[in-house]
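Beneath this line is the structure, given in structure tokens, with notes to follow.
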Amino acid sequence: LGEGGFGIVFLVSYSGKYYAMKVRKISHSQGISNSLTKIALDVFQDLQTESANLISLSKKSPHLVEIYAIYIDSNKLRNAIEGNMREYTQSPPAIIMEYMEGGDIRSIVNDRIVYSSLWYKVVASIGYQIASALEVVHKEGYVHLDVKPENFFLSKKVNVNTAQDLLSYFSGGSLTVKLGDLGAAKRIGQRVTEISPLYAPPEQFNPNSIADPKMDIFALGASLYSLYKGVSGFNPPEISNSTYPDVVSKYYAYFNNLVNDCNMRGQNCNTLERVLLWLVHPDPRQRPSMTTVKEWLSRV
């Protein structure tokens with residue numbers, strides 16, 4: 001179904017029903033320790049520890065992709081990392097999830113929809129649904145840490161030609177947007193080990209950063225901004241390819257340009273765009289809570 005930097009997702013079936021199975025990638029080190037291998041072990045150890053909690057959490061919001069099982073065998077994983085790839089192919093570390101047949105939100109985005117006068121309302125509706133999921137995640141003491149459009153899934157396949165079609169599906173309740181990949185989640189205060197640089201806030205680039213809900217708020221704003229503008233990614237290359245602390249000053253300059261451009265356009269910079277710029281503020285303390293985000297997106 002898809003592949004990212006940390007995993008491959010397969011369509012699988014069991015007893016006549018379809019599921020999505022994400023297999024985590026590992027670093028083959030031939031017994032030599034390296035940073036990627038350590039990260040892999042840390043991630044899997046956290047997943048193994050939190051598996052029951054994450055499965056339970058996924059059932060607490062209609063806007064979270066449900067997790068049915070997490071399979072990790074620590075001994076086989078270590079053997080695989082040390083070179084026994086047979087262990088990996090026979091018993092890969094995997095997460096079994098609800099299959100979202102509509103695919104991710106990018107699958108329905110095209111120029112006709114993006115340039116519609118109603119597109120901002122569609123983006124606000126998508127944002128409201130994802131914010132509802134994240135509000136639950138945060139209340140349960142977790143940070144998602146991989147909020148991006150590629151993890152915004154549609155509950156079913158739909159024939160969409162216009163933005164109005166999408167709004168009708170959403171308002172009628174026949175189509176739902178769900179946030180996937182809870183497997184990347186960490187408890188608030190835990191060390192962050194992975195990053196999606198195109199949507200991550202500057203503080204997450206710090207190798208010693210700890211999980212904070214304000215990271216998800218930024219990533220939600222960045223994701224919705226990129227959808228609203230019809231572009232791939234929010235952070236430009238000079239930021240997403242930077243290292244900490246350089247990324248902080250570069251992001252401040254980028255953010256100030258976005259705000260100045262919005263102010264220069266006056267009424268042509270609508271309420272949605274102004275709300276999203278609030279979410280991606282460089283200073284985490286200036287970003288709103290997820291409950292406030294929901295309220296503003298609802299107004300839009």
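Starting from 1 in every chain, residues are counted up; chains themselves are A, B, ... following the order of the structure tokens, and ligands are numbered from 1 as listed.
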
Exercise for the section: For segment 147-154 of chain A, list every protein, DNA or RNA residue within 7 Å, evaluated using only C-alpha atoms, and leave out those in the same chain fewer than 3 positions away; present the list as a list in words. Expected result: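 In the requested format, the answer is Met100, Gly102, Gly103, Asp104, Ile105, Arg106, His144, Leu175, Thr176, Val177, Lys178, Leu179, Gly180, Asp181, Tyr199, Asp216, Ala219, Leu220 and Ser223 of chain A.
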
Exercise for the section: Quick one: pick out all strand (DSSP E or B) residues within segment 92-210 of chain A from a backbone DSSP run and write them as number ranges by chain. Expected result: A: 94-98, 104, 142-143, 152-154, 177-179, 186-187, 191, 210

Practice task
Please identify all polymer residues within 9 Å of segment 266-273 of chain A, counting only C-alpha atoms, omitting same-chain residues fewer than 2 positions from it, and present them as a list in words.
Solution key: Tyr120, Lys121, Val123, Ala124, Tyr225, Tyr228, Asp261, Cys262, Asn263, Met264, Val275, Leu276, Leu277, Trp278, Trp296, Leu297 and Val300 of chain A

Produce a file of the selected residues containing C-alpha atoms, as an mmCIF file, in the first residue's frame.
```cif
data_model
loop_
_atom_site.group_PDB
_atom_site.id
_atom_site.type_symbol
_atom_site.label_atom_id
_atom_site.label_comp_id
_atom_site.auth_asym_id
_atom_site.auth_seq_id
_atom_site.Cartn_x
_atom_site.Cartn_y
_atom_site.Cartn_z
ATOM 1 C CA TYR A 120 -10.581 26.135 2.634
ATOM 2 C CA LYS A 121 -13.749 24.693 4.219
ATOM 3 C CA VAL A 123 -9.266 21.661 4.746
ATOM 4 C CA ALA A 124 -10.865 23.021 7.929
ATOM 5 C CA TYR A 225 -1.175 24.538 5.346
ATOM 6 C CA TYR A 228 -4.530 24.264 1.626
ATOM 7 C CA ASP A 261 2.869 37.788 3.029
ATOM 8 C CA CYS A 262 -0.449 37.076 4.756
ATOM 9 C CA ASN A 263 -0.599 40.603 6.179
ATOM 10 C CA MET A 264 0.190 42.170 2.801
ATOM 11 C CA VAL A 275 -5.305 30.127 12.231
ATOM 12 C CA LEU A 276 -2.786 27.767 10.622
ATOM 13 C CA LEU A 277 -0.004 30.344 10.994
ATOM 14 C CA TRP A 278 -0.857 30.477 14.708
ATOM 15 C CA TRP A 296 -11.302 27.741 15.587
ATOM 16 C CA LEU A 297 -11.477 25.130 12.824
ATOM 17 C CA VAL A 300 -14.059 28.208 9.792
#
```

Handout entry: Selected residue, from A:Ser116, A:Ser132, A:Asn110, A:Ser74, that lies nearest to Lys60 of chain A when counting only C-alpha atoms
Key =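 Checking each candidate against Lys60 of chain A, we get A:Ser132 as the closest.
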
Handout entry: For Val137 of chain A, the nearest of the candidates A:Val247, A:Val12, A:Ile81, A:Ile188, counting only C-alpha atoms
Key =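 Of A:Val247, A:Val12, A:Ile81, A:Ile188, the one nearest Val137 of chain A is A:Ile188, counting only C-alpha atoms.
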
Exercise for the section: Using only C-alpha atoms, pick whichever of A:Phe10, A:Phe44, A:Tyr251, A:Tyr88 has the shortest atom-to-atom distance to Ile70 of chain A. Expected result: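 Among the listed residues, A:Phe44 lies closest to Ile70 of chain A.
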
Problem - Which residue of A:Asn53, A:Ala80, A:Lys25, A:Tyr99 approaches Ser13 of chain A most closely, using only C-alpha atoms - result: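 For Ser13 of chain A, the nearest of the candidates is A:Tyr99.
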
Problem - Contact residues around Lys214 of chain A with only C-alpha atoms at 12 Å, ignoring same-chain residues under 6 positions, as a ChimeraX atom specification - result: /A:134-135,138,142-145,147,188-189,200-204,220-221,278-290,293

Practice task
Write out as a list in words the residues lying within 12 Å of Asp73 of chain A, counting only C-alpha atoms and excluding same-chain residues fewer than 5 positions away.
Solution key: Leu41, Phe44, Gln45, Leu47, Gln48, Thr49, Arg78, Asn79, Ala80, Glu87, Tyr88, Gln90, Ser91, Pro92, Pro93 and Ala94 of chain A

Exercise for the section: For Pro207 of chain A, list every protein, DNA or RNA residue within 12 Å, evaluated using only C-alpha atoms, and leave out those in the same chain fewer than 3 positions away; present the list as a ChimeraX atom specification. Expected result: /A:35,39,191-195,202-204,210-211,243-245
